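Report on the following structure.
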2 protein chains.
Amino acid sequence: MPELQWYCAGSPVAAPDNHRAAQFGDGLFETMRRADNGSLPLWPLHRQRLQRGLVALDFPIDTLAQIEQALAHFEGQGRHNSGLKLLVSRGGGGRGYGYHADMQPLVMLQAFEVPDWPSAPQVMTVSDVRLSHQPLLAGIKHLNRLEQVLARGRLARCWDDCLMLDGDEQLIESSCGNVFAYVDGRWQTPDLTSCGVNGVVRQWLLQQAPIEVTKIHRSQLAALDTVFVSNAVRGLVPVSRIDDINLPMSQLTQITDWQSQLQQLFSGRLNPVS
Amino acid sequence: MPELQWYCAGSPVAAPDNHRAAQFGDGLFETMRRADNGSLPLWPLHRQRLQRGLVALDFPIDTLAQIEQALAHFEGQGRHNSGLKLLVSRGGGGRGYGYHADMQPLVMLQAFEVPDWPSAPQVMTVSDVRLSHQPLLAGIKHLNRLEQVLARGRLARCWDDCLMLDGDEQLIESSCGNVFAYVDGRWQTPDLTSCGVNGVVRQWLLQQAPIEVTKIHRSQLAALDTVFVSNAVRGLVPVSRIDDINLPMSQLTQITDWQSQLQQLFSGRLNPVS
């Protein structure tokens with residue numbers, strides 16, 4: 001019962017010695033929660049994002065079917081109540097940037113334990129690493145993640161995480177989640193047309209409540225009332241402070257409500273999202 | 001005598017099943033020529049770029065020494081007159097973007113045959129994939145290469161390669177080389193402060209002749225006289241046409257002269273650059 005397994009055409013294979021995810025970040029990934037009963041409650045949303053990513057990267061049309069075959073094999077191993085990382089690489093062969101129709105996608109699945117995170121609100125700084133604009137890759141969860149790696153690497157220990165802006169000083173996301181803010185009596189979340197990852201919990205929340213997708217400039221941070229971050233493994237995490245700005249946090253109850261619904265989904269006690 | 005070998009701390013290891021180059025493109029690479037006598041004539045320039053990249057990505061201070069140990073081991077295998085790909089990954093461990101001091105960098109070396117390229121000038125189109133601005137990563141040869149992969153994937157078969165612009169419509173590079181243009185009686189090459197890879201042959205050329213590093217806007221393409229592309233494995237390749245613009249190519253002799261010098265370097269008959 002390996003914790004990590006590579007697949008090609010739906011069948012287990014040895015770890016590839018060379019493939020395009022390692023060479024160029026040429027692929028996608030998802031980090032998912034598994035419920036007690038072994039299901040992936042947010043799979044329809046992960047699947048939808050994968051599908052968008054596979055189209056954006058021009059992967060072979062049957063790649064999603066191969067991913068689902070690999071998942072069926074791995075799920076049979078019965079690891080429940082845990083996290084599952086899924087990675088798809090365009091495959092091996094060749095040294096150049098060009099790819100060919102005969103390249104066989106490779107899928108990696110890795111089970112991991114979900115830690116007991118502290119429930120306390122987080123304190124965040126604004127990273128000095130700016131997210132670059134690339135509309136062709138915005139929204140999808142591709143493997144070119146050096147901006148996030150740099151942001152985490154520069155994070156001083158006194159902060160839980162950082163918020164990331166683009167070159168126009170617009171708030172985009174945190175290093176590993178989407179951001180939601182209550183301001184002027186309504187919930188808002190940044191527009192991700194030019195950069196950022198369109199998270200599955202972000203998509204779930206946008207289905208639950210009227211939340212405005214808009215631009216939030218750095219200069220507006222001091223006017224935010226309540227802020228939280230969403231992540232597909234951890235759920236929702238309130239933010240109590242952004243650099244020297246202490247947030248009033250008047251809407252903590254709303255966050256707690258959403259977090260409870262999400263925990264019920266994660267535990268398999270609610271029907272999965274469709 | 002494997003064509004591909006992974007190393008950890010200078011010693012050969014099995015292919016890693018999971019590491020940060022594959023997960024996030026968290027690493028660097030170099031593609032190099034090996035001379036008949038087994039040397040790497042442009043190694044000092046590759047080494048300098050690696051060093052800059054290792055600092056930019058905050059890799060452990062002894063990573064370059066580990067790379068050189070791996071190279072010494074691999075070179076002992078005596079593959080000459082060929083190409084050598086070098087890749088360094090931040091190593092394994094962890095799922096998150098954050099990295100730790102105890103992560104051991106992994107080095108991959110892969111020998112390849114240098115093909116017999118046609119000597120005819122290339123015809124190029126301008127890609128509709130724009131290079132995004134990220135000054136923290138500009139110049140270095142990191143593993144986040146989806147923009148190049150997309151550009152090659154969209155290239156119609158009638159073109160040899162494509163030129164790539166940034167979001168301001170400034171010429172930056174080709175999909176796999178640097179660009180040089182003769183215009184108004186002087187040689188120019190694009191400024192790479194915001195994006196693009198600072199190629200080793202580009203650096204070598206800047207030492208050979210007065211070449212102006214400047215901005216070249218898309219609107220200036222029609223006014224270019226002679227254009228060529230530089231690449232560390234292939235050398236210099238003239239460009240005869242950019243989309244519907246046929247280039248006068250009055251300076252072909254200069255390209256041929258530089259190409260001869262470079263071929264002598266590649267063959268090990270000149271002293272390596274310092």
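Just remember, in the structure tokens the first chain shown is A, the second B, etc., residues are 1-based per chain, and ligands are 1-based in the order shown.
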Interface list for chain B, partner chain A, 9 Å threshold, only C-alpha atoms, as a PyMOL selection string: chain B and resi 4-6+14-29+56-58+85+87+89+95-100+108+112+129-134+136-137+142-153+167+175-176
Residue set, range 127-244 of chain A restricted to strand (DSSP E or B), as a ChimeraX atom specification: /A:131,139,142,161-166,170-174,177-183,186-190,197,211-214,217,226-231,235-242
Could the residues in this selection be saved with N, CA and C atoms as a tab-separated table (two decimals), in the first residue's frame?
chain	number	residue	atom	x	y	z
A	131	LEU	N	2.80	38.69	-8.27
A	131	LEU	CA	2.33	37.69	-9.24
A	131	LEU	C	2.31	38.32	-10.62
A	139	GLY	N	-6.00	31.11	-13.25
A	139	GLY	CA	-7.11	30.27	-12.81
A	139	GLY	C	-6.75	28.81	-12.63
A	142	HIS	N	-1.48	24.98	-12.41
A	142	HIS	CA	-0.35	24.40	-13.16
A	142	HIS	C	0.87	24.29	-12.25
A	161	ASP	N	1.35	33.37	7.09
A	161	ASP	CA	1.35	33.26	5.63
A	161	ASP	C	1.43	34.69	5.08
A	162	CYS	N	1.39	34.80	3.75
A	162	CYS	CA	1.44	36.13	3.14
A	162	CYS	C	0.33	36.30	2.10
A	163	LEU	N	-0.07	37.53	1.92
A	163	LEU	CA	-0.95	37.89	0.82
A	163	LEU	C	-0.08	38.27	-0.37
A	164	MET	N	-0.58	37.97	-1.57
A	164	MET	CA	0.19	38.28	-2.77
A	164	MET	C	-0.59	39.23	-3.67
A	165	LEU	N	0.13	40.24	-4.17
A	165	LEU	CA	-0.44	41.24	-5.08
A	165	LEU	C	0.11	41.00	-6.47
A	166	ASP	N	-0.52	41.62	-7.47
A	166	ASP	CA	0.07	41.61	-8.81
A	166	ASP	C	0.89	42.89	-9.01
A	170	GLN	N	-2.77	45.05	-7.00
A	170	GLN	CA	-4.09	44.49	-6.70
A	170	GLN	C	-3.89	43.20	-5.91
A	171	LEU	N	-4.71	43.01	-4.86
A	171	LEU	CA	-4.68	41.77	-4.08
A	171	LEU	C	-5.18	40.62	-4.96
A	172	ILE	N	-4.45	39.49	-4.96
A	172	ILE	CA	-4.85	38.34	-5.79
A	172	ILE	C	-5.23	37.14	-4.92
A	173	GLU	N	-4.32	36.74	-4.01
A	173	GLU	CA	-4.53	35.52	-3.23
A	173	GLU	C	-3.51	35.47	-2.10
A	174	SER	N	-3.58	34.42	-1.27
A	174	SER	CA	-2.47	34.17	-0.35
A	174	SER	C	-1.52	33.19	-1.03
A	177	GLY	N	-3.89	29.95	-0.93
A	177	GLY	CA	-5.34	29.96	-0.82
A	177	GLY	C	-5.94	31.21	-1.45
A	178	ASN	N	-7.27	31.21	-1.57
A	178	ASN	CA	-7.97	32.40	-2.07
A	178	ASN	C	-8.38	33.27	-0.91
A	179	VAL	N	-8.57	34.54	-1.19
A	179	VAL	CA	-8.86	35.51	-0.14
A	179	VAL	C	-10.29	36.05	-0.31
A	180	PHE	N	-10.98	36.19	0.82
A	180	PHE	CA	-12.32	36.79	0.86
A	180	PHE	C	-12.31	37.89	1.89
A	181	ALA	N	-12.99	38.99	1.58
A	181	ALA	CA	-12.99	40.13	2.50
A	181	ALA	C	-14.40	40.71	2.61
A	182	TYR	N	-14.78	41.04	3.84
A	182	TYR	CA	-16.05	41.72	4.08
A	182	TYR	C	-15.75	43.21	4.20
A	183	VAL	N	-16.36	43.98	3.31
A	183	VAL	CA	-16.06	45.42	3.25
A	183	VAL	C	-17.31	46.17	2.77
A	186	ARG	N	-20.53	44.01	2.38
A	186	ARG	CA	-20.67	42.85	1.47
A	186	ARG	C	-19.35	42.09	1.35
A	187	TRP	N	-19.47	40.80	0.94
A	187	TRP	CA	-18.30	39.96	0.75
A	187	TRP	C	-17.73	40.15	-0.65
A	188	GLN	N	-16.43	40.20	-0.71
A	188	GLN	CA	-15.73	40.34	-2.00
A	188	GLN	C	-14.58	39.33	-2.09
A	189	THR	N	-14.22	38.99	-3.30
A	189	THR	CA	-13.02	38.16	-3.53
A	189	THR	C	-12.35	38.65	-4.81
A	190	PRO	N	-11.01	38.61	-4.87
A	190	PRO	CA	-10.32	39.20	-6.03
A	190	PRO	C	-10.65	38.52	-7.36
A	197	VAL	N	-4.88	31.36	-8.72
A	197	VAL	CA	-5.49	30.03	-8.87
A	197	VAL	C	-6.96	30.12	-8.45
A	211	ILE	N	-21.28	36.79	-3.36
A	211	ILE	CA	-19.92	37.30	-3.12
A	211	ILE	C	-19.48	37.98	-4.41
A	212	GLU	N	-19.04	39.21	-4.27
A	212	GLU	CA	-18.67	39.99	-5.45
A	212	GLU	C	-17.24	39.66	-5.88
A	213	VAL	N	-17.05	39.31	-7.15
A	213	VAL	CA	-15.71	39.11	-7.70
A	213	VAL	C	-15.25	40.44	-8.27
A	214	THR	N	-14.19	41.00	-7.70
A	214	THR	CA	-13.85	42.39	-8.04
A	214	THR	C	-12.36	42.63	-7.82
A	217	HIS	N	-7.62	46.74	-4.24
A	217	HIS	CA	-6.29	47.36	-4.31
A	217	HIS	C	-5.63	47.35	-2.93
A	226	THR	N	-13.54	42.06	7.74
A	226	THR	CA	-13.27	40.65	8.05
A	226	THR	C	-12.61	40.02	6.83
A	227	VAL	N	-11.60	39.21	7.06
A	227	VAL	CA	-10.87	38.57	5.96
A	227	VAL	C	-10.69	37.10	6.31
A	228	PHE	N	-10.84	36.23	5.30
A	228	PHE	CA	-10.44	34.83	5.50
A	228	PHE	C	-9.85	34.28	4.22
A	229	VAL	N	-9.16	33.15	4.38
A	229	VAL	CA	-8.50	32.49	3.25
A	229	VAL	C	-9.14	31.11	3.09
A	230	SER	N	-9.32	30.68	1.86
A	230	SER	CA	-9.90	29.35	1.61
A	230	SER	C	-8.87	28.44	0.96
A	231	ASN	N	-8.93	27.15	1.33
A	231	ASN	CA	-7.98	26.16	0.83
A	231	ASN	C	-8.68	24.80	0.82
A	235	GLY	N	-9.72	24.19	4.47
A	235	GLY	CA	-11.02	24.87	4.60
A	235	GLY	C	-10.83	26.36	4.72
A	236	LEU	N	-11.55	26.99	5.67
A	236	LEU	CA	-11.52	28.45	5.81
A	236	LEU	C	-10.72	28.86	7.05
A	237	VAL	N	-9.87	29.86	6.89
A	237	VAL	CA	-9.04	30.33	8.00
A	237	VAL	C	-9.18	31.85	8.11
A	238	PRO	N	-9.72	32.35	9.24
A	238	PRO	CA	-9.83	33.80	9.40
A	238	PRO	C	-8.46	34.45	9.54
A	239	VAL	N	-8.40	35.72	9.17
A	239	VAL	CA	-7.16	36.51	9.26
A	239	VAL	C	-7.42	37.66	10.22
A	240	SER	N	-6.63	37.76	11.27
A	240	SER	CA	-6.89	38.81	12.26
A	240	SER	C	-6.05	40.06	12.02
A	241	ARG	N	-4.94	39.87	11.30
A	241	ARG	CA	-4.06	41.03	11.11
A	241	ARG	C	-3.34	40.92	9.77
A	242	ILE	N	-3.21	42.05	9.07
A	242	ILE	CA	-2.41	42.14	7.84
A	242	ILE	C	-1.35	43.20	8.08
Gap from CA of Ala222 in chain B to CA of Gln122 in chain B - Å, one decimal: 16.4 Å
Residue list (alpha helix (DSSP H), DSSP) for range 87-263 of chain B, as a count of residues only: 29
Residue among A:Leu252, A:Trp117, A:Phe59, A:Arg47 lying closest to Asp102 in chain A, counting only C-alpha atoms: A:Phe59
Polymer residues at most 10 Å from Thr63 in chain B, only C-alpha atoms, same-chain spacing of 3 or more positions, as a ChimeraX atom specification: /B:9-10,50-51,54,59-60,66-69,88,90,104-107
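One distance worth recording is that between CA of Leu45 in chain A and CA of Gly92 in chain A, which is 28.0 Å.
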Pairwise distance for CA of Gln259 in chain A and CA of Val201 in chain A, rounded to one decimal in Å: 10.4 Å
